[in-house]
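Remarks on the structure that follows.
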Amino acid sequence: MGFKYLLIVMCLWSWFGSLTFTTSDDGLMRISLKKRSLDFNSLNSARIKEGVHHRGLWSINKNHMKTDVVYLKNYLDAQYFGEIGIGSPPQSFKVVFDTGSSNLWVPSSKCILSIACYIHSKYRSKLSSTYTKIGTPCKIPFGRGHIPGFFSQDNVKVGNIIIKDQEFAEITKEGSLEFLAIHFDGILGLGFQDVSVGQVTPVWYNMMEQGHMAQKIFSLWLNPDPMAKVGGEIVFGGIDWRHFRGDHTYVPVTQKGYWQGGCAAIVDSGTSLIAGPTRVVTQINHAIGAEGYVSYECKNIIHNYGDSIWEFLTSGLRPEIICVDIGLCSRNRSHKMNDVIETVVHNESWSESRTRESPLCTFCDMIVFWIQVQLKQRNTREKILKYVDELCEKLPNPVGQSFIDCNSIAAMPQITFTIGNKTFPLSPEQYILRVEEGCSTVCYGGFVALDVPPPQGPLWVLGDLFLGAYHTVFDYGNLRIGFAEAA
């Protein structure tokens, strides 16, 4: 690195086990969260992208809808979960408490044509004595677009309190394969009503209006320790001093909708990642030595197996069995190398690939093919391996995440955000995601590109990597957001 610290100055400002809650004499409602460990497939399938959000009731009058260009996500990298109940008696659901959205939604018993609905809890209105039919159709932003459903009304239990007559969305189709991989049933949005689909009143608004919160505040503490029994805690109605050190630095909410302050930064507990404009994220990734997953793994195969592949090819071994012999492809493979190369060239995701082989097998087949082509041109061994290494660098990264050498984390720079004229540094240990893959550990940079055009953009999204380092206060009464070092 050419420098130890990289300063970004911006005017911005778990697998679920069980939920516990406590109500103390100070009137605070504490919701304990569980944290799941990210796996290889979840992180590589996670998406944050520019999207279009339609305000208003989708089905009533399209001429009365307001359209905003914002961002979409598929929650596959969401790590923190809690449990709520809907209905009387309460039907239990695992949900992400998401400050980046505003609606409450869960799968409906009427979701019968989607496989994913059968592996998640579904709301059954017939089992609830407090259910009220609404029936208005809606479309909830998710992943690459929207998921369909309709609005209903029922009591919602959060901790030991009951929010009466809460409107929420019953989802009727989870058609995307992404739903098969998510470890939760639905979302409980903690954003503003301004961006709520159908202008539905968010759960936490009704908590305030029905007198369940001593103050118009909720605060969030996320525990980054993967071995801890408690993954985090949401406190409704105030702040728990045990979760932070020093004073909070507050900045005003400049655009109601999301929890957004300063220039254009959204505080989002529904993603692990930190997203920002490509031109800045590229500089960050260059500074921390991040590479695209594709190029890194491709070059690793050249480094570890390049000489062996060379020897096998020059000795006359059939190209299609080389990667099987060195252990990167299975022995019952049925695909052809041309299919593998087509998958990578056309930037298909690994899960959608026709090969069903691991990415390492795909890269190995490509390298064998490239060396074959170069051998026909009678180039030298050194020249060929160097050329193939350069080809690896030019491979597109289909998933957006950046790959980090785990052994170099200690030498990486801090990344510092300036919020309200105060600096908030992230150490390499705080902005790197570690994923256990088999017997090894894979490390990812937590920064991804997100380009939202004006006037809504450029936009930054501060996800759980940032929130794990800094205790956050969402102060609705004073329309401000506060950050302090997490304890």
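Please note that chains go A, B, ... in the order of the structure tokens, that every chain numbers its residues from 1, and that ligands are numbered from 1 in the order shown.
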
**OP:** Any chance you could list, as a VMD selection string, the residues in stretch 76-129 of chain A that come up helix (DSSP H, G or I) when DSSP is run on the backbone?
**Re:** chain A and resid 115 to 119 125 to 127

Keeping N, CA and C atoms, export the residues of the selection given above as a PDB file, in the first residue's frame.
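For reference, selection-v5.pdb as written:
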ATOM      1  N   ILE A 115     -42.185 -22.902  -4.578  1.00  0.00           N
ATOM      2  CA  ILE A 115     -41.536 -23.889  -3.712  1.00  0.00           C
ATOM      3  C   ILE A 115     -41.015 -23.238  -2.442  1.00  0.00           C
ATOM      4  N   ALA A 116     -40.464 -22.009  -2.570  1.00  0.00           N
ATOM      5  CA  ALA A 116     -39.849 -21.346  -1.419  1.00  0.00           C
ATOM      6  C   ALA A 116     -40.845 -21.129  -0.290  1.00  0.00           C
ATOM      7  N   CYS A 117     -42.129 -20.963  -0.619  1.00  0.00           N
ATOM      8  CA  CYS A 117     -43.130 -20.728   0.419  1.00  0.00           C
ATOM      9  C   CYS A 117     -43.307 -21.940   1.331  1.00  0.00           C
ATOM     10  N   TYR A 118     -42.916 -23.111   0.860  1.00  0.00           N
ATOM     11  CA  TYR A 118     -43.097 -24.315   1.661  1.00  0.00           C
ATOM     12  C   TYR A 118     -41.946 -24.554   2.633  1.00  0.00           C
ATOM     13  N   ILE A 119     -40.896 -23.741   2.544  1.00  0.00           N
ATOM     14  CA  ILE A 119     -39.805 -23.877   3.506  1.00  0.00           C
ATOM     15  C   ILE A 119     -39.762 -22.689   4.457  1.00  0.00           C
ATOM     16  N   SER A 125     -54.654 -16.590   7.839  1.00  0.00           N
ATOM     17  CA  SER A 125     -55.647 -15.662   8.400  1.00  0.00           C
ATOM     18  C   SER A 125     -56.791 -16.392   9.095  1.00  0.00           C
ATOM     19  N   LYS A 126     -57.118 -17.585   8.640  1.00  0.00           N
ATOM     20  CA  LYS A 126     -58.240 -18.319   9.223  1.00  0.00           C
ATOM     21  C   LYS A 126     -57.966 -18.747  10.662  1.00  0.00           C
ATOM     22  N   LEU A 127     -56.698 -18.758  11.043  1.00  0.00           N
ATOM     23  CA  LEU A 127     -56.340 -19.180  12.394  1.00  0.00           C
ATOM     24  C   LEU A 127     -56.312 -18.026  13.382  1.00  0.00           C
TER      25      LEU A 127
END

Subject >> Neighbour list for A:Arg381 as a list in words, cut-off 12 Å, only C-alpha atoms, skip fewer than 2 positions in-chain >> reply: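 With the cut-off at 12 Å, the set is Gly306, Asp307, Ser308, Ile309, Trp310, Glu311, Leu313, Thr314, Ile371, Gln372, Gln374, Leu375, Gln377, Arg378, Asn379, Lys383, Ile384, Leu385, Lys386, Tyr387 and Val388 of chain A.
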
**OP:** Excluding A:Ala169 and any residue of its chain fewer than 6 positions from it, enumerate the residues within 6 Å of it, using only C-alpha atoms, and give them as a PyMOL selection string.
**Re:** chain A and resi 105+150-151

Preceding selection exported with N, CA and C atoms as a PDB file, in the first residue's frame:
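Result saved to result_28.pdb:
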ATOM      1  N   TRP A 105     -43.777  -7.571   5.838  1.00  0.00           N
ATOM      2  CA  TRP A 105     -44.334  -8.581   4.940  1.00  0.00           C
ATOM      3  C   TRP A 105     -43.864  -9.978   5.326  1.00  0.00           C
ATOM      4  N   PHE A 150     -50.794  -9.011  -1.163  1.00  0.00           N
ATOM      5  CA  PHE A 150     -51.945  -8.159  -0.884  1.00  0.00           C
ATOM      6  C   PHE A 150     -51.899  -7.758   0.589  1.00  0.00           C
ATOM      7  N   PHE A 151     -52.588  -6.674   0.907  1.00  0.00           N
ATOM      8  CA  PHE A 151     -52.558  -6.157   2.278  1.00  0.00           C
ATOM      9  C   PHE A 151     -53.633  -6.815   3.135  1.00  0.00           C
TER      10      PHE A 151
END

Original post:
Which neighbours of A:Pro425 fall inside 8 Å, counting only C-alpha atoms, when residues of the same chain fewer than 5 positions from it are skipped, and could you give them as an NGL selection string?
Top reply: :A and (414-417)

Could those selected residues go to a file with N, CA, C and O atoms, as a PDB file, in the first residue's frame?
ATOM      1  N   GLN A 414      -6.897   1.658   7.280  1.00  0.00           N
ATOM      2  CA  GLN A 414      -8.203   1.992   7.809  1.00  0.00           C
ATOM      3  C   GLN A 414      -8.988   2.748   6.741  1.00  0.00           C
ATOM      4  O   GLN A 414      -8.417   3.448   5.913  1.00  0.00           O
ATOM      5  N   ILE A 415     -10.301   2.595   6.786  1.00  0.00           N
ATOM      6  CA  ILE A 415     -11.188   3.379   5.930  1.00  0.00           C
ATOM      7  C   ILE A 415     -11.989   4.275   6.871  1.00  0.00           C
ATOM      8  O   ILE A 415     -12.667   3.797   7.780  1.00  0.00           O
ATOM      9  N   THR A 416     -11.889   5.571   6.675  1.00  0.00           N
ATOM     10  CA  THR A 416     -12.486   6.513   7.620  1.00  0.00           C
ATOM     11  C   THR A 416     -13.597   7.324   6.978  1.00  0.00           C
ATOM     12  O   THR A 416     -13.397   7.934   5.928  1.00  0.00           O
ATOM     13  N   PHE A 417     -14.753   7.310   7.623  1.00  0.00           N
ATOM     14  CA  PHE A 417     -15.872   8.139   7.216  1.00  0.00           C
ATOM     15  C   PHE A 417     -15.927   9.365   8.120  1.00  0.00           C
ATOM     16  O   PHE A 417     -15.674   9.260   9.327  1.00  0.00           O
TER      17      PHE A 417
END
